Amino acid sequence: MEKGDMNQLESFKAMQKQGWAYFAPLEAHTTPQAARLVKRAGIRAGDRVLDVACGTGVVAITAARLGARVTGLDLTPELLARARENSRIAEVEVDWREGDVEKLPFADAFFDAVLSQYGHIFAPRPETAIAEMLRVLKPGGTIAFSTWPPELYVGRMFALTSRYMPPLPPGVSPPALWGDPNVIRDRLGAAVKDIVFDRAVMLVPALSLAHHRTFTERTAGPIVKLVEALTASDPGRLAAFRREYDALSAEYFEDNLIRQGYLITRATKG
Ligand SMILES: C[S@@+](CC[C@H](N)C(=O)[O-])C[C@H]1O[C@@H](n2cnc3c(N)ncnc32)[C@H](O)[C@@H]1O
């Protein structure tokens, strides 16, 4: 890769790191989904488990409570500080590491399971991220992750957001492609066997569409950065984004809940 492209990737990751720093309140919604992913992956006491892009540690801590030996890795130091506090409160040991899924600081074939909940999808180069996740997994080990399909709420919200943002740097792939089973089959390729897909729903409480949008603007990395940029550069365009955002959310809003469907993938390393 050319030096200029590499610099663009590094700036992209630096932006992500800043945006994700405000994510902690969203852990209330990802916590129940963490239990589902850990169960689906069949984690047992004694397993060596890696939670990639662990955020505040909801998957890692759920696995550690079962007696697994867990490492949680994330790009964003503010979230790791919260993860440390969460594991202290839960009275479990987790090895927390600041790092990048595209360059995992672990030996080959070290883990029995590698998990990621809505996390590795944000790495700009999917082939690099998945190659690293599979490299550190033992043969016969389990890889499992939760992702957002492009045709459902969060995937459509990613598409809407990207229309208001500058184009992605060359070689950067949109995260919603990780929600397409055909793309996942391609990316996992011959390295795995027994791929199983499952669908699940995350229900997010909201008092109104504006409450939901306000909460998202304050917590969800890419939207935090978009709103910050448009507030400074183009308030009219920000108002248009907000109108479109509310119209999209309205399609999924019922009984004070926003319905966020997602995909769970599990496979075994061959
Ligand atoms: C939507 S949050 C999910 C957090 C957590 N897994 C959960 O379910 O609550 C996305 C996370 O991906 C992390 N992230 C983004 N790019 C990353 C990268 N290249 N390497 C490691 N973590 C990354 C962010 O810092 C953030 O914590």
# chains A, B, ... in the order shown; residues from 1 in each chain; ligands from 1
>>> closest_atom_pairs(of="chain A", to="ligand 1", cutoff="9 Å", atoms="only C-alpha atoms and all ligand atoms", output="CSV")
residue,atom,partner,partner_atom_place_in_ligand_line,distance
A:Lys13,CA,ligand 1,19 (N),6.5
A:Gln16,CA,ligand 1,15 (C),6.2
A:Lys17,CA,ligand 1,25 (O),5.7
A:Gln18,CA,ligand 1,25 (O),8.5
A:Gly19,CA,ligand 1,25 (O),8.2
A:Trp20,CA,ligand 1,25 (O),5.1
A:Ala21,CA,ligand 1,25 (O),7.1
A:Phe23,CA,ligand 1,2 (S),6.8
A:Ala24,CA,ligand 1,9 (O),7.9
A:Leu26,CA,ligand 1,9 (O),6.9
A:Glu27,CA,ligand 1,9 (O),5.0
A:Ala28,CA,ligand 1,9 (O),8.4
A:His29,CA,ligand 1,9 (O),7.9
A:Thr30,CA,ligand 1,9 (O),4.9
A:Thr31,CA,ligand 1,9 (O),6.8
A:Gln33,CA,ligand 1,8 (O),7.6
A:Ala34,CA,ligand 1,8 (O),6.5
A:Asp51,CA,ligand 1,6 (N),7.5
A:Val52,CA,ligand 1,21 (C),6.4
A:Ala53,CA,ligand 1,22 (N),3.6
A:Cys54,CA,ligand 1,6 (N),4.1
A:Gly55,CA,ligand 1,27 (O),3.4
A:Thr56,CA,ligand 1,9 (O),6.1
A:Gly57,CA,ligand 1,5 (C),6.4
A:Val58,CA,ligand 1,9 (O),5.7
A:Val59,CA,ligand 1,8 (O),6.6
A:Ala60,CA,ligand 1,6 (N),8.7
A:Leu73,CA,ligand 1,21 (C),6.4
A:Asp74,CA,ligand 1,22 (N),4.0
A:Leu75,CA,ligand 1,22 (N),4.1
A:Thr76,CA,ligand 1,25 (O),4.4
A:Pro77,CA,ligand 1,25 (O),8.0
A:Glu78,CA,ligand 1,25 (O),8.8
A:Leu79,CA,ligand 1,27 (O),6.4
A:Leu80,CA,ligand 1,27 (O),8.3
A:Glu98,CA,ligand 1,21 (C),7.9
A:Gly99,CA,ligand 1,21 (C),5.9
A:Asp100,CA,ligand 1,20 (N),3.5
A:Val101,CA,ligand 1,20 (N),4.0
A:Glu102,CA,ligand 1,19 (N),6.1
A:Lys103,CA,ligand 1,20 (N),8.2
A:Leu104,CA,ligand 1,20 (N),8.7
A:Leu115,CA,ligand 1,6 (N),8.9
A:Ser116,CA,ligand 1,6 (N),6.0
A:Gln117,CA,ligand 1,6 (N),4.4
A:Tyr118,CA,ligand 1,3 (C),5.0
A:Gly119,CA,ligand 1,12 (O),4.0
A:His120,CA,ligand 1,17 (C),6.2
A:Ile121,CA,ligand 1,16 (N),7.6
A:Phe122,CA,ligand 1,16 (N),4.7
A:Ala123,CA,ligand 1,19 (N),4.1
A:Pro124,CA,ligand 1,19 (N),7.0
A:Arg125,CA,ligand 1,19 (N),8.7
A:Ala129,CA,ligand 1,19 (N),7.9
A:Ser146,CA,ligand 1,8 (O),8.6
A:Ala220,CA,ligand 1,1 (C),7.0
A:Gly221,CA,ligand 1,1 (C),7.6
>>> residues_around(residues="region 36-44 of chain A", least_positions_apart="4", cutoff="9 Å", atoms="only C-alpha atoms", output="mmCIF file with N, CA and C atoms, in the first residue's frame")
data_model
loop_
_atom_site.group_PDB
_atom_site.id
_atom_site.type_symbol
_atom_site.label_atom_id
_atom_site.label_comp_id
_atom_site.auth_asym_id
_atom_site.auth_seq_id
_atom_site.Cartn_x
_atom_site.Cartn_y
_atom_site.Cartn_z
ATOM 1 N N PRO A 32 -27.525 -7.110 26.785
ATOM 2 C CA PRO A 32 -28.293 -8.356 26.573
ATOM 3 C C PRO A 32 -27.826 -9.112 25.323
ATOM 4 N N VAL A 49 -10.545 -16.767 25.400
ATOM 5 C CA VAL A 49 -11.474 -16.022 24.528
ATOM 6 C C VAL A 49 -10.914 -14.623 24.258
ATOM 7 N N VAL A 59 -19.156 -8.171 26.174
ATOM 8 C CA VAL A 59 -18.982 -9.573 25.744
ATOM 9 C C VAL A 59 -17.892 -10.234 26.593
ATOM 10 N N ALA A 60 -16.778 -9.522 26.764
ATOM 11 C CA ALA A 60 -15.639 -10.072 27.512
ATOM 12 C C ALA A 60 -16.058 -10.445 28.926
ATOM 13 N N THR A 62 -19.091 -10.999 30.126
ATOM 14 C CA THR A 62 -20.071 -12.096 30.127
ATOM 15 C C THR A 62 -19.344 -13.435 30.007
ATOM 16 N N ALA A 63 -18.331 -13.501 29.147
ATOM 17 C CA ALA A 63 -17.562 -14.749 28.987
ATOM 18 C C ALA A 63 -16.739 -15.033 30.250
ATOM 19 N N LEU A 66 -18.458 -16.776 33.040
ATOM 20 C CA LEU A 66 -18.626 -18.233 32.859
ATOM 21 C C LEU A 66 -17.353 -18.992 33.220
ATOM 22 N N GLY A 67 -16.288 -18.263 33.532
ATOM 23 C CA GLY A 67 -15.031 -18.931 33.897
ATOM 24 C C GLY A 67 -14.028 -18.995 32.750
ATOM 25 N N ALA A 68 -14.329 -18.302 31.622
ATOM 26 C CA ALA A 68 -13.359 -18.278 30.513
ATOM 27 C C ALA A 68 -12.198 -17.345 30.869
ATOM 28 N N ASP A 112 -9.196 -20.077 21.915
ATOM 29 C CA ASP A 112 -10.207 -21.089 21.567
ATOM 30 C C ASP A 112 -11.403 -20.439 20.867
ATOM 31 N N ALA A 113 -11.606 -19.156 21.149
ATOM 32 C CA ALA A 113 -12.735 -18.454 20.516
ATOM 33 C C ALA A 113 -12.372 -16.991 20.320
ATOM 34 N N LEU A 115 -14.414 -13.486 19.363
ATOM 35 C CA LEU A 115 -15.760 -12.925 19.249
ATOM 36 C C LEU A 115 -15.684 -11.429 18.934
ATOM 37 N N SER A 116 -16.716 -10.930 18.276
ATOM 38 C CA SER A 116 -16.805 -9.478 18.112
ATOM 39 C C SER A 116 -18.268 -9.091 17.966
ATOM 40 N N GLN A 117 -18.703 -8.170 18.811
ATOM 41 C CA GLN A 117 -20.086 -7.698 18.742
ATOM 42 C C GLN A 117 -20.105 -6.285 18.175
ATOM 43 N N THR A 142 -13.644 -21.421 17.622
ATOM 44 C CA THR A 142 -14.888 -20.785 17.160
ATOM 45 C C THR A 142 -14.686 -19.300 16.903
ATOM 46 N N ILE A 143 -15.140 -18.863 15.739
ATOM 47 C CA ILE A 143 -15.222 -17.424 15.480
ATOM 48 C C ILE A 143 -16.708 -17.063 15.429
ATOM 49 N N ALA A 144 -17.088 -16.000 16.135
ATOM 50 C CA ALA A 144 -18.513 -15.618 16.142
ATOM 51 C C ALA A 144 -18.605 -14.105 16.257
ATOM 52 N N PHE A 145 -19.530 -13.541 15.463
ATOM 53 C CA PHE A 145 -19.680 -12.077 15.519
ATOM 54 C C PHE A 145 -21.100 -11.647 15.175
ATOM 55 N N SER A 146 -21.445 -10.458 15.677
ATOM 56 C CA SER A 146 -22.757 -9.865 15.403
ATOM 57 C C SER A 146 -22.552 -8.643 14.511
ATOM 58 N N ALA A 200 -31.309 -11.866 15.029
ATOM 59 C CA ALA A 200 -31.767 -11.457 16.359
ATOM 60 C C ALA A 200 -32.158 -9.982 16.291
ATOM 61 N N ILE A 264 -26.185 -12.838 13.437
ATOM 62 C CA ILE A 264 -25.096 -13.467 14.209
ATOM 63 C C ILE A 264 -24.486 -14.560 13.323
ATOM 64 N N THR A 265 -23.159 -14.567 13.228
ATOM 65 C CA THR A 265 -22.457 -15.573 12.449
ATOM 66 C C THR A 265 -21.573 -16.379 13.390
ATOM 67 N N ARG A 266 -21.574 -17.696 13.187
ATOM 68 C CA ARG A 266 -20.636 -18.548 13.946
ATOM 69 C C ARG A 266 -20.008 -19.532 12.968
ATOM 70 N N ALA A 267 -18.713 -19.778 13.120
ATOM 71 C CA ALA A 267 -18.039 -20.750 12.246
ATOM 72 C C ALA A 267 -16.872 -21.366 13.012
#
>>> select_by_dssp(residues="region 100-240 of chain A", states="helix (DSSP H, G or I)", output="ChimeraX atom specification")
/A:120-122,126-135,153-164,175-179,181-191,209-219,221-233,235-240
>>> atom_distance(atom1="CA of Leu134 (chain A)", atom2="CA of Thr71 (chain A)")
15.5 Å
>>> closest_residue(among="A:Val92, A:Leu263, A:Ala83, A:Ala190", to="Ala64 (chain A)", atoms="only C-alpha atoms")
A:Val92
>>> atom_distance(atom1="CA of Glu93 (chain A)", atom2="CA of Ala131 (chain A)")
27.3 Å
>>> select_by_dssp(residues="region 27-88 of chain A", states="strand (DSSP E or B)", output="ChimeraX atom specification")
/A:48-52,69-74
>>> atom_distance(atom1="CA of Gln8 (chain A)", atom2="CA of Pro170 (chain A)")
8.3 Å
>>> closest_residue(among="A:Ile61, A:Val172, A:Leu137, A:Leu152", to="Met6 (chain A)", atoms="only C-alpha atoms")
A:Val172
>>> closest_residue(among="A:Val70, A:Leu230, A:Leu238, A:Leu203", to="Leu257 (chain A)", atoms="only C-alpha atoms")
A:Leu203
>>> residues_around(residues="Ala159 (chain A)", least_positions_apart="5", cutoff="9 Å", atoms="only C-alpha atoms", output="ChimeraX atom specification")
/A:150,154,174,176
>>> decode(residues="region 230-254 of chain A", atoms="N, CA, C and O atoms", output="mmCIF file, in the first residue's frame")
data_model
loop_
_atom_site.group_PDB
_atom_site.id
_atom_site.type_symbol
_atom_site.label_atom_id
_atom_site.label_comp_id
_atom_site.auth_asym_id
_atom_site.auth_seq_id
_atom_site.Cartn_x
_atom_site.Cartn_y
_atom_site.Cartn_z
ATOM 1 N N LEU A 230 -20.939 18.877 10.693
ATOM 2 C CA LEU A 230 -21.995 19.666 10.047
ATOM 3 C C LEU A 230 -22.403 20.867 10.900
ATOM 4 O O LEU A 230 -22.786 21.915 10.364
ATOM 5 N N THR A 231 -22.342 20.722 12.224
ATOM 6 C CA THR A 231 -22.671 21.859 13.102
ATOM 7 C C THR A 231 -21.749 23.030 12.768
ATOM 8 O O THR A 231 -22.186 24.185 12.691
ATOM 9 N N ALA A 232 -20.477 22.721 12.518
ATOM 10 C CA ALA A 232 -19.510 23.786 12.228
ATOM 11 C C ALA A 232 -19.629 24.282 10.794
ATOM 12 O O ALA A 232 -19.477 25.480 10.532
ATOM 13 N N SER A 233 -19.928 23.369 9.839
ATOM 14 C CA SER A 233 -19.773 23.757 8.431
ATOM 15 C C SER A 233 -21.088 24.080 7.718
ATOM 16 O O SER A 233 -21.109 24.909 6.812
ATOM 17 N N ASP A 234 -22.191 23.408 8.095
ATOM 18 C CA ASP A 234 -23.385 23.531 7.265
ATOM 19 C C ASP A 234 -24.643 23.158 8.066
ATOM 20 O O ASP A 234 -25.196 22.057 7.905
ATOM 21 N N PRO A 235 -25.144 24.078 8.907
ATOM 22 C CA PRO A 235 -26.319 23.764 9.743
ATOM 23 C C PRO A 235 -27.556 23.362 8.916
ATOM 24 O O PRO A 235 -28.372 22.551 9.380
ATOM 25 N N GLY A 236 -27.690 23.897 7.697
ATOM 26 C CA GLY A 236 -28.841 23.538 6.848
ATOM 27 C C GLY A 236 -28.790 22.053 6.486
ATOM 28 O O GLY A 236 -29.801 21.346 6.497
ATOM 29 N N ARG A 237 -27.593 21.599 6.166
ATOM 30 C CA ARG A 237 -27.403 20.189 5.801
ATOM 31 C C ARG A 237 -27.616 19.288 7.030
ATOM 32 O O ARG A 237 -28.142 18.185 6.922
ATOM 33 N N LEU A 238 -27.226 19.794 8.193
ATOM 34 C CA LEU A 238 -27.459 19.040 9.430
ATOM 35 C C LEU A 238 -28.965 18.870 9.656
ATOM 36 O O LEU A 238 -29.430 17.778 10.002
ATOM 37 N N ALA A 239 -29.724 19.933 9.414
ATOM 38 C CA ALA A 239 -31.182 19.852 9.596
ATOM 39 C C ALA A 239 -31.764 18.822 8.621
ATOM 40 O O ALA A 239 -32.654 18.025 8.985
ATOM 41 N N ALA A 240 -31.248 18.796 7.388
ATOM 42 C CA ALA A 240 -31.744 17.819 6.395
ATOM 43 C C ALA A 240 -31.403 16.398 6.845
ATOM 44 O O ALA A 240 -32.232 15.476 6.746
ATOM 45 N N PHE A 241 -30.186 16.207 7.366
ATOM 46 C CA PHE A 241 -29.789 14.884 7.869
ATOM 47 C C PHE A 241 -30.747 14.452 8.981
ATOM 48 O O PHE A 241 -31.234 13.311 9.002
ATOM 49 N N ARG A 242 -31.034 15.364 9.895
ATOM 50 C CA ARG A 242 -31.907 15.014 11.025
ATOM 51 C C ARG A 242 -33.306 14.631 10.551
ATOM 52 O O ARG A 242 -33.915 13.701 11.085
ATOM 53 N N ARG A 243 -33.807 15.350 9.533
ATOM 54 C CA ARG A 243 -35.148 15.006 9.012
ATOM 55 C C ARG A 243 -35.129 13.603 8.433
ATOM 56 O O ARG A 243 -36.012 12.783 8.677
ATOM 57 N N GLU A 244 -34.104 13.306 7.643
ATOM 58 C CA GLU A 244 -34.020 11.970 7.026
ATOM 59 C C GLU A 244 -33.843 10.884 8.083
ATOM 60 O O GLU A 244 -34.373 9.786 7.979
ATOM 61 N N TYR A 245 -33.059 11.220 9.103
ATOM 62 C CA TYR A 245 -32.801 10.248 10.176
ATOM 63 C C TYR A 245 -34.119 9.901 10.890
ATOM 64 O O TYR A 245 -34.428 8.727 11.131
ATOM 65 N N ASP A 246 -34.907 10.914 11.212
ATOM 66 C CA ASP A 246 -36.180 10.674 11.909
ATOM 67 C C ASP A 246 -37.136 9.888 11.021
ATOM 68 O O ASP A 246 -37.860 9.005 11.507
ATOM 69 N N ALA A 247 -37.145 10.185 9.720
ATOM 70 C CA ALA A 247 -38.061 9.467 8.816
ATOM 71 C C ALA A 247 -37.682 7.984 8.771
ATOM 72 O O ALA A 247 -38.555 7.103 8.780
ATOM 73 N N LEU A 248 -36.401 7.700 8.746
ATOM 74 C CA LEU A 248 -35.946 6.299 8.737
ATOM 75 C C LEU A 248 -36.302 5.624 10.064
ATOM 76 O O LEU A 248 -36.889 4.524 10.084
ATOM 77 N N SER A 249 -36.006 6.283 11.172
ATOM 78 C CA SER A 249 -36.278 5.684 12.486
ATOM 79 C C SER A 249 -37.781 5.409 12.653
ATOM 80 O O SER A 249 -38.164 4.415 13.277
ATOM 81 N N ALA A 250 -38.618 6.297 12.087
ATOM 82 C CA ALA A 250 -40.071 6.144 12.250
ATOM 83 C C ALA A 250 -40.550 4.785 11.725
ATOM 84 O O ALA A 250 -41.499 4.200 12.253
ATOM 85 N N GLU A 251 -39.881 4.264 10.708
ATOM 86 C CA GLU A 251 -40.278 2.960 10.138
ATOM 87 C C GLU A 251 -40.075 1.817 11.134
ATOM 88 O O GLU A 251 -40.626 0.740 10.966
ATOM 89 N N TYR A 252 -39.221 2.042 12.141
ATOM 90 C CA TYR A 252 -38.858 0.947 13.070
ATOM 91 C C TYR A 252 -39.308 1.238 14.501
ATOM 92 O O TYR A 252 -38.941 0.517 15.416
ATOM 93 N N PHE A 253 -40.103 2.304 14.690
ATOM 94 C CA PHE A 253 -40.459 2.784 16.039
ATOM 95 C C PHE A 253 -41.873 2.351 16.377
ATOM 96 O O PHE A 253 -42.826 2.736 15.710
ATOM 97 N N GLU A 254 -42.017 1.561 17.431
ATOM 98 C CA GLU A 254 -43.342 1.129 17.873
ATOM 99 C C GLU A 254 -43.275 0.831 19.364
ATOM 100 O O GLU A 254 -42.278 0.260 19.847
#
